[in-house]
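A.B. asks: I'd like to ask you about the structure that follows.
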Amino acid sequence: TKGFSFDTQRAFFGECDVTGLCNAHDNINSLQILDLSDNQLSGSFPSSISNMSSLTFIDFSSNTLSDQLSPNICNHFPNLESLLLKNNTFYGEIPSTLSNCRQLRKLYLSLNQFTGAIPKEIGKLTRLSVLSLRDNKFQGEIPQELGNLAKLEQLWLQSNFLNGTIPSLIFKFSFLLYLELSNNSLR
């Protein structure tokens, strides 16, 4: 849906050709949902939203944001349930401190340029139902700690540089509906 809508809890700016974010004003500190997907945002993850501690949903998908994720991201958003940053050009390693976002249910970091190993600390995000890390440049093995994600319904790890053995615990998830591991060197 194209257009702009805003109330005291939700802000949606779908395909509005937004080219930047101004500083957040006091009247939107109670904002819970921020959707800035499919715009022309560029630069870093906007620090101007860091005072919006009530956010439970952040979607910056399909922009041209490019930077490393801050290790402090979870300090600013203690109630965050959904973090959608897919289809940007974020790079570097995923900070292990992302595991401090204990309320996360959906984590979409697909279609970026993330590198390094998948942090084993993601296994501490026990509320996750969706983990999408596909189409990045992750290397190494799938961490055994992902076996702690008992509520996982979707796991998307295809098109990386992962190798080694697929952890057997992944096949024991009761709720798993989608598992995609293709285009890696797994066995």
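Quick note on naming: the chains in the structure tokens go A, B, ... in the order shown, residues restart at 1 in each chain, and ligands are numbered from 1 in order of appearance.
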Fewer than 6 positions away in the same chain doesn't count, so skip those; otherwise give me all residues within 6 Å of segment 121-133 of chain A, counting only C-alpha atoms, as a PDB file with N, CA and C atoms, in the first residue's frame.
C.D. replies:
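The resulting file, result.pdb, is shown below:
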```pdb
ATOM      1  N   SER A  96      26.517  -9.959  18.537  1.00  0.00           N
ATOM      2  CA  SER A  96      26.005 -10.994  19.441  1.00  0.00           C
ATOM      3  C   SER A  96      25.005 -10.409  20.437  1.00  0.00           C
ATOM      4  N   SER A  99      21.009 -10.706  20.830  1.00  0.00           N
ATOM      5  CA  SER A  99      20.317 -11.663  21.704  1.00  0.00           C
ATOM      6  C   SER A  99      19.674 -10.980  22.909  1.00  0.00           C
ATOM      7  N   ARG A 102      15.123  -9.812  23.768  1.00  0.00           N
ATOM      8  CA  ARG A 102      14.489 -11.058  24.227  1.00  0.00           C
ATOM      9  C   ARG A 102      13.041 -11.220  23.779  1.00  0.00           C
ATOM     10  N   LEU A 104      11.974 -10.600  20.710  1.00  0.00           N
ATOM     11  CA  LEU A 104      11.914 -10.795  19.252  1.00  0.00           C
ATOM     12  C   LEU A 104      11.189 -12.080  18.871  1.00  0.00           C
ATOM     13  N   ARG A 105      10.258 -11.929  17.958  1.00  0.00           N
ATOM     14  CA  ARG A 105       9.532 -13.062  17.381  1.00  0.00           C
ATOM     15  C   ARG A 105       9.862 -13.235  15.896  1.00  0.00           C
ATOM     16  N   LYS A 106      10.175 -12.108  15.231  1.00  0.00           N
ATOM     17  CA  LYS A 106      10.492 -12.152  13.801  1.00  0.00           C
ATOM     18  C   LYS A 106      11.751 -11.346  13.550  1.00  0.00           C
ATOM     19  N   LEU A 107      12.736 -11.989  12.929  1.00  0.00           N
ATOM     20  CA  LEU A 107      13.998 -11.349  12.598  1.00  0.00           C
ATOM     21  C   LEU A 107      14.297 -11.612  11.130  1.00  0.00           C
ATOM     22  N   TYR A 108      14.206 -10.564  10.325  1.00  0.00           N
ATOM     23  CA  TYR A 108      14.457 -10.643   8.889  1.00  0.00           C
ATOM     24  C   TYR A 108      15.683  -9.789   8.562  1.00  0.00           C
ATOM     25  N   LEU A 109      16.809 -10.446   8.282  1.00  0.00           N
ATOM     26  CA  LEU A 109      18.041  -9.759   7.892  1.00  0.00           C
ATOM     27  C   LEU A 109      18.493 -10.220   6.514  1.00  0.00           C
ATOM     28  N   SER A 110      17.598 -10.776   5.745  1.00  0.00           N
ATOM     29  CA  SER A 110      17.901 -11.338   4.422  1.00  0.00           C
ATOM     30  C   SER A 110      18.294 -10.265   3.419  1.00  0.00           C
ATOM     31  N   GLU A 145      23.223 -23.931  18.884  1.00  0.00           N
ATOM     32  CA  GLU A 145      22.325 -23.181  19.761  1.00  0.00           C
ATOM     33  C   GLU A 145      21.003 -22.814  19.090  1.00  0.00           C
ATOM     34  N   LEU A 146      20.941 -22.855  17.758  1.00  0.00           N
ATOM     35  CA  LEU A 146      19.654 -22.616  17.093  1.00  0.00           C
ATOM     36  C   LEU A 146      18.641 -23.686  17.481  1.00  0.00           C
ATOM     37  N   ASN A 148      17.748 -24.297  20.306  1.00  0.00           N
ATOM     38  CA  ASN A 148      16.960 -23.767  21.432  1.00  0.00           C
ATOM     39  C   ASN A 148      15.719 -23.018  20.985  1.00  0.00           C
ATOM     40  N   LEU A 149      15.574 -22.795  19.690  1.00  0.00           N
ATOM     41  CA  LEU A 149      14.466 -21.988  19.167  1.00  0.00           C
ATOM     42  C   LEU A 149      13.236 -22.864  18.934  1.00  0.00           C
ATOM     43  N   LYS A 151      10.120 -22.519  19.249  1.00  0.00           N
ATOM     44  CA  LYS A 151       8.906 -21.940  18.654  1.00  0.00           C
ATOM     45  C   LYS A 151       9.077 -21.575  17.186  1.00  0.00           C
ATOM     46  N   LEU A 152      10.237 -21.919  16.621  1.00  0.00           N
ATOM     47  CA  LEU A 152      10.542 -21.546  15.255  1.00  0.00           C
ATOM     48  C   LEU A 152       9.585 -22.212  14.264  1.00  0.00           C
ATOM     49  N   GLU A 153       8.994 -21.391  13.402  1.00  0.00           N
ATOM     50  CA  GLU A 153       8.103 -21.868  12.340  1.00  0.00           C
ATOM     51  C   GLU A 153       8.769 -21.764  10.968  1.00  0.00           C
ATOM     52  N   GLN A 154       9.671 -20.783  10.823  1.00  0.00           N
ATOM     53  CA  GLN A 154      10.338 -20.560   9.546  1.00  0.00           C
ATOM     54  C   GLN A 154      11.823 -20.303   9.783  1.00  0.00           C
ATOM     55  N   LEU A 155      12.657 -21.043   9.058  1.00  0.00           N
ATOM     56  CA  LEU A 155      14.108 -20.855   9.123  1.00  0.00           C
ATOM     57  C   LEU A 155      14.627 -20.768   7.691  1.00  0.00           C
ATOM     58  N   TRP A 156      15.127 -19.597   7.332  1.00  0.00           N
ATOM     59  CA  TRP A 156      15.608 -19.317   5.982  1.00  0.00           C
ATOM     60  C   TRP A 156      17.100 -18.996   6.051  1.00  0.00           C
ATOM     61  N   LEU A 157      17.934 -19.931   5.614  1.00  0.00           N
ATOM     62  CA  LEU A 157      19.393 -19.737   5.641  1.00  0.00           C
ATOM     63  C   LEU A 157      20.029 -19.954   4.264  1.00  0.00           C
TER      64      LEU A 157
END
```
A.B. asks: Using only C-alpha atoms, which residues of segment 79-129 of chain A come within 10 Å of segment 34-51 of chain A, and what is the closest atom pair for each, with the distance in Å to one decimal? Give it as a tab-separated table, sorted by chain and residue number.
C.D. replies:
```
residue	atom	partner	partner_atom	distance
A:Leu84	CA	A:Ser37	CA	8.7
A:Leu85	CA	A:Ser37	CA	8.6
A:Lys86	CA	A:Ser37	CA	9.3
A:Asn87	CA	A:Asp38	CA	9.5
A:Asn88	CA	A:Ser42	CA	9.0
A:Thr89	CA	A:Ser42	CA	9.4
A:Phe90	CA	A:Ser44	CA	8.5
```
A.B. asks: Please indicate the distance in Å from atom CA of Tyr178 of chain A to atom CA of Ser62 of chain A, rounded to one decimal place.
C.D. replies: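 Going from atom CA of Tyr178 of chain A over to atom CA of Ser62 of chain A, I get 22.4 Å.
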A.B. asks: Taking 3 positions as the minimum chain separation for residues in the same chain, which residues sit within 7 Å of Cys101 of chain A when counting only C-alpha atoms? Answer as a PDB file with N, CA and C atoms, in the first residue's frame.
C.D. replies:
```
ATOM      1  N   CYS A  74      19.475  -3.208  20.805  1.00  0.00           N
ATOM      2  CA  CYS A  74      18.471  -3.751  21.733  1.00  0.00           C
ATOM      3  C   CYS A  74      18.339  -2.915  23.003  1.00  0.00           C
ATOM      4  N   PRO A  78      13.610  -2.231  24.042  1.00  0.00           N
ATOM      5  CA  PRO A  78      13.466  -3.422  24.904  1.00  0.00           C
ATOM      6  C   PRO A  78      12.215  -4.252  24.620  1.00  0.00           C
ATOM      7  N   LEU A  80      10.963  -4.785  21.484  1.00  0.00           N
ATOM      8  CA  LEU A  80      10.943  -5.099  20.057  1.00  0.00           C
ATOM      9  C   LEU A  80      10.580  -6.559  19.804  1.00  0.00           C
ATOM     10  N   LEU A  98      22.527  -8.764  19.827  1.00  0.00           N
ATOM     11  CA  LEU A  98      21.162  -8.841  19.311  1.00  0.00           C
ATOM     12  C   LEU A  98      20.337  -9.809  20.154  1.00  0.00           C
ATOM     13  N   LEU A 104      11.974 -10.600  20.710  1.00  0.00           N
ATOM     14  CA  LEU A 104      11.914 -10.795  19.252  1.00  0.00           C
ATOM     15  C   LEU A 104      11.189 -12.080  18.871  1.00  0.00           C
TER      16      LEU A 104
END
```
A.B. asks: Contacts of Phe138 of chain A at 7 Å or less, counting only C-alpha atoms, minus same-chain residues fewer than 4 places along, as a ChimeraX atom specification?
C.D. replies: /A:114-118,160-162
A.B. asks: Please, which residues of segment 15-182 of chain A, numbered as in this document, come out strand (DSSP E or B) from DSSP, as a ChimeraX atom specification?
C.D. replies: /A:33-35,42-43,57-59,64-65,82-84,91-92,106-108,113-116,130-132,137-140,154-156,161-164,178-180
A.B. asks: Could you write those residues out with N, CA, C and O atoms, as a short mmCIF file (atom, residue, chain, number, x, y, z; two decimals), in the first residue's frame?
C.D. replies:
```
data_model
loop_
_atom_site.label_atom_id
_atom_site.label_comp_id
_atom_site.auth_asym_id
_atom_site.auth_seq_id
_atom_site.Cartn_x
_atom_site.Cartn_y
_atom_site.Cartn_z
N ILE A 33 4.61 0.89 16.25
CA ILE A 33 4.86 0.31 14.93
C ILE A 33 5.43 1.38 14.01
O ILE A 33 4.82 2.42 13.82
N LEU A 34 6.61 1.11 13.46
CA LEU A 34 7.24 2.03 12.51
C LEU A 34 7.57 1.25 11.25
O LEU A 34 8.42 0.36 11.26
N ASP A 35 6.88 1.57 10.17
CA ASP A 35 7.07 0.89 8.89
C ASP A 35 7.55 1.92 7.87
O ASP A 35 6.78 2.76 7.41
N SER A 42 18.51 6.01 2.82
CA SER A 42 19.90 5.61 2.63
C SER A 42 20.69 6.02 3.85
O SER A 42 20.21 6.73 4.72
N GLY A 43 21.93 5.55 3.92
CA GLY A 43 22.76 5.85 5.06
C GLY A 43 22.66 4.77 6.12
O GLY A 43 22.39 3.62 5.83
N PHE A 57 7.68 -2.98 16.60
CA PHE A 57 7.78 -3.40 15.20
C PHE A 57 8.55 -2.33 14.43
O PHE A 57 8.14 -1.17 14.42
N ILE A 58 9.67 -2.74 13.83
CA ILE A 58 10.46 -1.84 12.98
C ILE A 58 10.64 -2.52 11.64
O ILE A 58 11.12 -3.65 11.57
N ASP A 59 10.26 -1.81 10.56
CA ASP A 59 10.43 -2.34 9.21
C ASP A 59 11.10 -1.29 8.34
O ASP A 59 10.50 -0.28 7.99
N THR A 64 17.95 1.45 0.90
CA THR A 64 19.38 1.32 0.60
C THR A 64 20.20 1.70 1.83
O THR A 64 21.23 2.35 1.72
N LEU A 65 19.73 1.26 2.99
CA LEU A 65 20.48 1.49 4.22
C LEU A 65 21.75 0.65 4.20
O LEU A 65 21.71 -0.51 3.79
N SER A 82 9.48 -7.45 16.32
CA SER A 82 9.75 -7.68 14.90
C SER A 82 10.78 -6.68 14.41
O SER A 82 10.58 -5.47 14.54
N LEU A 83 11.85 -7.21 13.82
CA LEU A 83 12.89 -6.37 13.23
C LEU A 83 13.07 -6.83 11.79
O LEU A 83 13.57 -7.93 11.54
N LEU A 84 12.64 -6.00 10.85
CA LEU A 84 12.68 -6.33 9.43
C LEU A 84 13.63 -5.36 8.73
O LEU A 84 13.29 -4.19 8.54
N TYR A 91 26.10 -4.55 6.33
CA TYR A 91 27.28 -5.40 6.18
C TYR A 91 27.91 -5.65 7.55
O TYR A 91 27.48 -5.13 8.57
N GLY A 92 28.97 -6.44 7.53
CA GLY A 92 29.67 -6.77 8.77
C GLY A 92 28.99 -7.93 9.48
O GLY A 92 28.11 -8.59 8.94
N LYS A 106 10.17 -12.11 15.23
CA LYS A 106 10.49 -12.15 13.80
C LYS A 106 11.75 -11.35 13.55
O LYS A 106 11.83 -10.16 13.89
N LEU A 107 12.74 -11.99 12.93
CA LEU A 107 14.00 -11.35 12.60
C LEU A 107 14.30 -11.61 11.13
O LEU A 107 14.57 -12.75 10.74
N TYR A 108 14.21 -10.56 10.32
CA TYR A 108 14.46 -10.64 8.89
C TYR A 108 15.68 -9.79 8.56
O TYR A 108 15.61 -8.57 8.56
N GLN A 113 24.46 -7.82 3.12
CA GLN A 113 25.85 -8.21 2.90
C GLN A 113 26.51 -8.64 4.21
O GLN A 113 27.72 -8.45 4.40
N PHE A 114 25.73 -9.21 5.13
CA PHE A 114 26.29 -9.64 6.41
C PHE A 114 27.32 -10.74 6.20
O PHE A 114 27.16 -11.59 5.32
N THR A 115 28.36 -10.73 7.03
CA THR A 115 29.46 -11.69 6.90
C THR A 115 29.73 -12.34 8.26
O THR A 115 29.09 -12.02 9.25
N GLY A 116 30.72 -13.21 8.27
CA GLY A 116 31.11 -13.87 9.50
C GLY A 116 30.20 -15.04 9.81
O GLY A 116 29.43 -15.50 8.97
N VAL A 130 10.21 -16.68 13.37
CA VAL A 130 10.79 -16.54 12.03
C VAL A 130 12.22 -16.03 12.16
O VAL A 130 12.47 -15.00 12.80
N LEU A 131 13.15 -16.75 11.53
CA LEU A 131 14.54 -16.33 11.43
C LEU A 131 14.93 -16.42 9.96
O LEU A 131 15.00 -17.50 9.39
N SER A 132 15.13 -15.26 9.35
CA SER A 132 15.47 -15.21 7.93
C SER A 132 16.81 -14.49 7.75
O SER A 132 16.91 -13.28 7.93
N LYS A 137 26.34 -13.35 3.31
CA LYS A 137 27.66 -13.95 3.11
C LYS A 137 28.13 -14.63 4.38
O LYS A 137 29.32 -14.62 4.70
N PHE A 138 27.19 -15.24 5.11
CA PHE A 138 27.55 -15.94 6.34
C PHE A 138 28.42 -17.14 6.02
O PHE A 138 28.22 -17.82 5.01
N GLN A 139 29.37 -17.42 6.92
CA GLN A 139 30.29 -18.54 6.75
C GLN A 139 30.27 -19.41 7.99
O GLN A 139 29.79 -19.00 9.04
N GLY A 140 30.82 -20.58 7.86
CA GLY A 140 30.93 -21.48 9.00
C GLY A 140 29.73 -22.38 9.14
O GLY A 140 28.93 -22.54 8.22
N GLN A 154 9.67 -20.78 10.82
CA GLN A 154 10.34 -20.56 9.55
C GLN A 154 11.82 -20.30 9.78
O GLN A 154 12.18 -19.45 10.59
N LEU A 155 12.66 -21.04 9.06
CA LEU A 155 14.11 -20.85 9.12
C LEU A 155 14.63 -20.77 7.69
O LEU A 155 14.55 -21.73 6.94
N TRP A 156 15.13 -19.60 7.33
CA TRP A 156 15.61 -19.32 5.98
C TRP A 156 17.10 -19.00 6.05
O TRP A 156 17.49 -17.93 6.50
N PHE A 161 27.35 -18.99 2.67
CA PHE A 161 28.54 -19.82 2.51
C PHE A 161 28.68 -20.75 3.71
O PHE A 161 29.77 -20.97 4.22
N LEU A 162 27.56 -21.29 4.16
CA LEU A 162 27.55 -22.16 5.33
C LEU A 162 28.07 -23.54 4.96
O LEU A 162 27.86 -24.01 3.84
N ASN A 163 28.72 -24.20 5.92
CA ASN A 163 29.24 -25.54 5.68
C ASN A 163 29.05 -26.37 6.93
O ASN A 163 28.53 -25.91 7.93
N GLY A 164 29.47 -27.62 6.85
CA GLY A 164 29.36 -28.50 8.00
C GLY A 164 28.07 -29.29 8.00
O GLY A 164 27.37 -29.40 6.99
N TYR A 178 8.62 -24.11 7.45
CA TYR A 178 9.50 -23.80 6.33
C TYR A 178 10.95 -23.90 6.77
O TYR A 178 11.36 -23.27 7.74
N LEU A 179 11.70 -24.70 6.04
CA LEU A 179 13.13 -24.84 6.28
C LEU A 179 13.82 -24.75 4.92
O LEU A 179 13.57 -25.58 4.05
N GLU A 180 14.67 -23.76 4.74
CA GLU A 180 15.35 -23.57 3.47
C GLU A 180 16.84 -23.38 3.74
O GLU A 180 17.24 -22.41 4.38
#
```
A.B. asks: Taking the chain letters and numbering used in this document, name the residues of chain A that DSSP puts in alpha helix (DSSP H), as a PyMOL selection string.
C.D. replies: chain A and resi 73-76
A.B. asks: Any idea what the distance is between atom CA of Thr165 of chain A and atom CA of Leu186 of chain A?
C.D. replies: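 Separation of atom CA of Thr165 of chain A and atom CA of Leu186 of chain A: 5.7 Å.
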A.B. asks: Please report the interatomic distance between atom CA of Gln32 of chain A and atom CA of Ser54 of chain A in Å with one decimal.
C.D. replies: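 For atom CA of Gln32 of chain A relative to atom CA of Ser54 of chain A, the distance reads 5.3 Å.
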A.B. asks: Pick the closest to Ser159 of chain A from A:Asp67, A:Glu141, A:Asp135, A:Glu81: which is it, counting only C-alpha atoms?
C.D. replies: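 Between A:Asp67, A:Glu141, A:Asp135, A:Glu81, the residue approaching Ser159 of chain A most closely is A:Asp135.
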A.B. asks: In terms of the shortest atom-to-atom distance over only C-alpha atoms, which of A:Ser174, A:Gln144, A:Ser182, A:Asn112 is closest to Ser66 of chain A?
C.D. replies: A:Asn112
A.B. asks: Write out as a list of chain:residue names which residues come within 7 Å of Pro95 of chain A when counting only C-alpha atoms, dropping same-chain ones fewer than 2 positions away.
C.D. replies: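 My list of contacting residues is A:Leu69, A:Pro71, A:Glu93, A:Thr97, A:Leu98.
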